[in-house]
Amino acid sequence: MMKRRAFVTLLSGAVAWPFTARAQQAPADRKLDPRITPARGDIAAKHLAGVVEAQRFVEGKAYEIGAAQAPVRDKPAPDAELQTEALKGERLTVYDIDAQGWAWGQLAADGYVGYLPASALVAPGPAATHKVTALRTFVLPGPSIRLPPLEMLSFGSRLVIARIEEPFAITASGGHVPTVHVAAVEKTETDFVALAERFLGTPYLWGGKTSIGLDCSALVQLALNACGMPCPRDTDMQEKALGSALADPSRPDNWRRGDLVFWKGHVAIVRDAATLVHASGNYSTVIVEPTGPAIARILAEEAHEVRTVRRLPPPA
C-alpha cells in the first residue's frame, strides 16, 4: 500500500497558505479541517470561539520540541496512528496536557494538530540559528568523534549554535555537532528534486518525517521547506495549495522536472522525462521509478489514475 492519508477532507473551499491560526477563523457554518483546527468537543483554541462548539476555549501555551523527534498521533495512546513527526527545535502551541502525559497541540510550521508525548516538550528558548542539512547527524557530548552520542538528529532539525570550533558547531547546551552537517537557518537549497533524491533508500513509514522513515507527502514537504517554500503536510492539502494544475494531467510528455504528480492519496516528483522520485509504500522505500510503469502499476494495484499534475513557480 503506497498511499499517504485516506482522510475525508472537511476543508471547504481553497486552502490558505502559509498556515496561520487566524486563517482558521471561518464562518460558523463552514466546516473546518480537523487536521489543522485545534478544536475538540471539550476544548478549543480561544481564537475559535464563535466558530466551533467546545466546552471551553483556552489561549494555549508555547513550547518547542526538545527531543530529537516526537510522534504526533491522532489519539493519546502510544499505539495510535502516527499522523506526522515534529523535529527538534520545532515550535508549537499546546492547549491541553492530560494526566497520562499526552500534550494536545498545534505545530507552528504546518499547523498540524495532534497528540505528542509531553516529555518531548521544553519551554521555548532563543530562536534557532542553524538547521541540520545532513540526512542525519549525531550530537556529541564533547569535541571527539569517539565519544558516545547524546542523540541523533534528522534533516531539518533546528538548533541554537553558540559558537563554531572546527570541526564542530557547539550548541547552546554544549552539544557538539559536525559543522559540515549544519547550516544557518536562512540558507536555502536551490533544487528540491535533487534534495528529494538524497533520501533514496529511506524506508517508507506512514506518518514519518525523518531520514529513518517517511511517507510520500513528507518527502515533498521536507524538500520544499529546505528550498524556502512553505508546504502543507498531507497530499490532499498539497494538491490544493501548491503551484498550478496542468490542463491535461494525462500527458507525461508534457511533464517537466519538479512537477508534482498526484494520485488519490499519493504524490510523486517528476525527476526527468522518464522517471519519478517518491516514497513508495509498495516498495517500502524512497525510489526512482520509470514514469510509465509507475502509472500502470498504481492503476493496476490501487485502481487510481493520475488525478492532478501541479507545476510550481520558479524560485524567487
# chains A, B, ... in the order shown; residues from 1 in each chain; ligands from 1
call {"tool": "select_by_dssp", "arguments": {"residues": "stretch 148-282 of chain A", "states": "alpha helix (DSSP H)", "output": "number ranges by chain"}}
result
A: 192-197, 216-226, 235-241
call {"tool": "residues_around", "arguments": {"residues": "stretch 37-47 of chain A", "least_positions_apart": "4", "cutoff": "9 Å", "atoms": "only C-alpha atoms", "output": "MDAnalysis selection string"}}
result
chainID A and resid 21:22 24:25 32:33 51:60 95:96 104:106 111:114
call {"tool": "write_last_selection", "arguments": {"atoms": "C-alpha atoms", "output": "mmCIF file, in the first residue's frame"}}
result
data_model
loop_
_atom_site.group_PDB
_atom_site.id
_atom_site.type_symbol
_atom_site.label_atom_id
_atom_site.label_comp_id
_atom_site.auth_asym_id
_atom_site.auth_seq_id
_atom_site.Cartn_x
_atom_site.Cartn_y
_atom_site.Cartn_z
ATOM 1 C CA ALA A 21 -4.032 30.185 13.162
ATOM 2 C CA ARG A 22 -6.165 33.149 12.178
ATOM 3 C CA GLN A 24 -8.977 29.069 10.628
ATOM 4 C CA GLN A 25 -11.437 31.797 11.642
ATOM 5 C CA LEU A 32 -13.027 23.148 9.207
ATOM 6 C CA ASP A 33 -10.351 20.571 8.584
ATOM 7 C CA VAL A 51 -16.539 29.408 15.124
ATOM 8 C CA VAL A 52 -16.674 25.952 16.711
ATOM 9 C CA GLU A 53 -18.505 24.454 19.668
ATOM 10 C CA ALA A 54 -16.473 23.422 22.700
ATOM 11 C CA GLN A 55 -16.935 23.287 26.461
ATOM 12 C CA ARG A 56 -14.116 25.766 26.979
ATOM 13 C CA PHE A 57 -11.712 27.910 24.997
ATOM 14 C CA VAL A 58 -8.086 28.459 26.012
ATOM 15 C CA GLU A 59 -5.172 30.561 24.821
ATOM 16 C CA GLY A 60 -2.672 27.712 24.701
ATOM 17 C CA TYR A 95 -3.833 23.519 24.583
ATOM 18 C CA ASP A 96 -4.040 20.569 26.946
ATOM 19 C CA TRP A 104 -2.564 18.097 22.571
ATOM 20 C CA GLY A 105 -1.469 20.973 20.398
ATOM 21 C CA GLN A 106 -0.731 22.504 17.028
ATOM 22 C CA GLY A 111 -0.477 23.829 11.515
ATOM 23 C CA TYR A 112 -0.889 20.124 12.164
ATOM 24 C CA VAL A 113 -2.894 19.209 15.280
ATOM 25 C CA GLY A 114 -2.369 16.071 17.304
#
call {"tool": "residues_around", "arguments": {"residues": "A:Gln100", "least_positions_apart": "2", "cutoff": "12 Å", "atoms": "only C-alpha atoms", "output": "PyMOL selection string"}}
result
chain A and resi 76-78+96-98+102-104+115-119
call {"tool": "residues_around", "arguments": {"residues": "stretch 181-186 of chain A", "least_positions_apart": "2", "cutoff": "12 Å", "atoms": "only C-alpha atoms", "output": "number ranges by chain"}}
result
A: 89, 127-139, 152-161, 164, 167-171, 176-179, 188-189, 225-228
call {"tool": "residues_around", "arguments": {"residues": "A:Arg307", "least_positions_apart": "6", "cutoff": "9 Å", "atoms": "only C-alpha atoms", "output": "PDB file with C-alpha atoms, in the first residue's frame"}}
result
ATOM      1  CA  PRO A 249      -2.538  15.633 -16.419  1.00  0.00           C
ATOM      2  CA  SER A 250      -2.661  12.518 -18.636  1.00  0.00           C
ATOM      3  CA  VAL A 261       2.094  14.180  -9.741  1.00  0.00           C
ATOM      4  CA  PHE A 262      -0.927  13.388  -7.579  1.00  0.00           C
ATOM      5  CA  TRP A 263      -2.992  10.277  -7.342  1.00  0.00           C
ATOM      6  CA  LYS A 264      -5.661   9.766  -4.694  1.00  0.00           C
TER       7      LYS A 264
END
call {"tool": "residues_around", "arguments": {"residues": "A:Ala303", "least_positions_apart": "5", "cutoff": "12 Å", "atoms": "only C-alpha atoms", "output": "VMD selection string"}}
result
chain A and resid 1 263 to 265 295 to 298
call {"tool": "atom_distance", "arguments": {"atom1": "atom CA of A:Leu312", "atom2": "atom CA of A:Lys209"}}
result
21.9 Å
call {"tool": "closest_residue", "arguments": {"among": "A:Ser217, A:Ser173, A:Thr308, A:Gln238", "to": "A:Val277", "atoms": "only C-alpha atoms"}}
result
A:Ser217
call {"tool": "atom_distance", "arguments": {"atom1": "atom CA of A:Glu151", "atom2": "atom CA of A:Ala68"}}
result
6.7 Å
call {"tool": "select_by_dssp", "arguments": {"residues": "stretch 111-316 of chain A", "states": "strand (DSSP E or B)", "output": "PDB file with C-alpha atoms, in the first residue's frame"}}
result
ATOM      1  CA  VAL A 113      -2.894  19.209  15.280  1.00  0.00           C
ATOM      2  CA  GLY A 114      -2.369  16.071  17.304  1.00  0.00           C
ATOM      3  CA  TYR A 115      -1.151  14.353  20.444  1.00  0.00           C
ATOM      4  CA  LEU A 116       2.527  14.328  21.439  1.00  0.00           C
ATOM      5  CA  PRO A 117       4.351  12.972  24.491  1.00  0.00           C
ATOM      6  CA  LEU A 121       8.462  19.308  25.068  1.00  0.00           C
ATOM      7  CA  VAL A 122      10.541  22.077  26.600  1.00  0.00           C
ATOM      8  CA  HIS A 130      21.103  26.620  12.421  1.00  0.00           C
ATOM      9  CA  LYS A 131      19.429  23.600  10.903  1.00  0.00           C
ATOM     10  CA  VAL A 132      20.591  20.070  10.155  1.00  0.00           C
ATOM     11  CA  ARG A 136      21.122  12.637   9.927  1.00  0.00           C
ATOM     12  CA  THR A 137      23.844  13.599  12.358  1.00  0.00           C
ATOM     13  CA  PHE A 138      24.971  12.929  15.920  1.00  0.00           C
ATOM     14  CA  VAL A 139      25.155  15.347  18.816  1.00  0.00           C
ATOM     15  CA  LEU A 140      28.271  14.517  20.800  1.00  0.00           C
ATOM     16  CA  GLU A 151      21.270  11.913  20.365  1.00  0.00           C
ATOM     17  CA  MET A 152      20.797  11.581  16.626  1.00  0.00           C
ATOM     18  CA  LEU A 153      19.083  14.376  14.707  1.00  0.00           C
ATOM     19  CA  SER A 154      17.432  14.162  11.333  1.00  0.00           C
ATOM     20  CA  ARG A 158      16.764  23.164  14.325  1.00  0.00           C
ATOM     21  CA  LEU A 159      19.476  24.146  16.751  1.00  0.00           C
ATOM     22  CA  ILE A 161      24.534  27.213  17.880  1.00  0.00           C
ATOM     23  CA  ALA A 162      26.546  29.244  20.382  1.00  0.00           C
ATOM     24  CA  ARG A 163      29.870  29.111  18.582  1.00  0.00           C
ATOM     25  CA  ILE A 164      31.924  27.291  15.973  1.00  0.00           C
ATOM     26  CA  GLU A 165      35.112  25.485  16.964  1.00  0.00           C
ATOM     27  CA  PHE A 168      32.279  21.217  15.473  1.00  0.00           C
ATOM     28  CA  ALA A 169      29.358  23.566  15.912  1.00  0.00           C
ATOM     29  CA  ILE A 170      28.630  23.837  19.629  1.00  0.00           C
ATOM     30  CA  THR A 171      25.032  24.169  20.732  1.00  0.00           C
ATOM     31  CA  HIS A 176      28.945  19.156  19.563  1.00  0.00           C
ATOM     32  CA  VAL A 177      27.686  18.686  16.006  1.00  0.00           C
ATOM     33  CA  PRO A 178      29.918  18.361  12.918  1.00  0.00           C
ATOM     34  CA  VAL A 182      24.549  22.109   9.705  1.00  0.00           C
ATOM     35  CA  ALA A 183      23.871  25.441   8.020  1.00  0.00           C
ATOM     36  CA  ALA A 184      22.404  28.788   9.020  1.00  0.00           C
ATOM     37  CA  PRO A 203      12.336   3.246   4.437  1.00  0.00           C
ATOM     38  CA  TYR A 204       8.682   4.113   3.960  1.00  0.00           C
ATOM     39  CA  LYS A 209       9.105  12.655   8.586  1.00  0.00           C
ATOM     40  CA  THR A 210      12.727  11.719   9.225  1.00  0.00           C
ATOM     41  CA  GLY A 213      11.416   6.647   7.776  1.00  0.00           C
ATOM     42  CA  LEU A 214       8.993   8.907   5.933  1.00  0.00           C
ATOM     43  CA  SER A 244      -0.957  25.428 -10.596  1.00  0.00           C
ATOM     44  CA  ALA A 245      -2.598  22.468 -12.276  1.00  0.00           C
ATOM     45  CA  LEU A 260       4.225  17.128  -8.658  1.00  0.00           C
ATOM     46  CA  VAL A 261       2.094  14.180  -9.741  1.00  0.00           C
ATOM     47  CA  PHE A 262      -0.927  13.388  -7.579  1.00  0.00           C
ATOM     48  CA  TRP A 263      -2.992  10.277  -7.342  1.00  0.00           C
ATOM     49  CA  HIS A 266      -0.179   9.715  -3.148  1.00  0.00           C
ATOM     50  CA  VAL A 267       2.312  12.170  -4.625  1.00  0.00           C
ATOM     51  CA  ALA A 268       5.495  11.767  -6.669  1.00  0.00           C
ATOM     52  CA  ILE A 269       8.033  14.235  -8.006  1.00  0.00           C
ATOM     53  CA  VAL A 270       8.948  14.341 -11.693  1.00  0.00           C
ATOM     54  CA  THR A 275      11.399   8.903 -14.145  1.00  0.00           C
ATOM     55  CA  LEU A 276       9.736   9.891 -10.879  1.00  0.00           C
ATOM     56  CA  VAL A 277      11.133  10.011  -7.350  1.00  0.00           C
ATOM     57  CA  HIS A 278       8.784   9.197  -4.500  1.00  0.00           C
ATOM     58  CA  ALA A 279       8.380   7.439  -1.172  1.00  0.00           C
ATOM     59  CA  SER A 280       6.592   4.280  -2.205  1.00  0.00           C
ATOM     60  CA  THR A 285      11.322   2.881   0.329  1.00  0.00           C
ATOM     61  CA  VAL A 286      12.141   6.118  -1.468  1.00  0.00           C
ATOM     62  CA  ILE A 287      12.842   5.116  -5.061  1.00  0.00           C
ATOM     63  CA  VAL A 288      13.354   6.385  -8.580  1.00  0.00           C
ATOM     64  CA  GLU A 289      10.789   4.657 -10.776  1.00  0.00           C
ATOM     65  CA  PRO A 290      10.169   4.821 -14.540  1.00  0.00           C
ATOM     66  CA  THR A 308      -3.592  16.227 -10.986  1.00  0.00           C
ATOM     67  CA  VAL A 309      -0.151  17.424 -12.013  1.00  0.00           C
ATOM     68  CA  ARG A 310       0.929  20.638 -10.323  1.00  0.00           C
ATOM     69  CA  ARG A 311       3.675  22.917 -11.581  1.00  0.00           C
TER      70      ARG A 311
END
call {"tool": "closest_residue", "arguments": {"among": "A:Gly281, A:Pro143, A:Pro126, A:Pro34", "to": "A:Leu205", "atoms": "only C-alpha atoms"}}
result
A:Gly281
call {"tool": "atom_distance", "arguments": {"atom1": "atom CA of A:Arg73", "atom2": "atom CA of A:Pro230"}}
result
22.3 Å
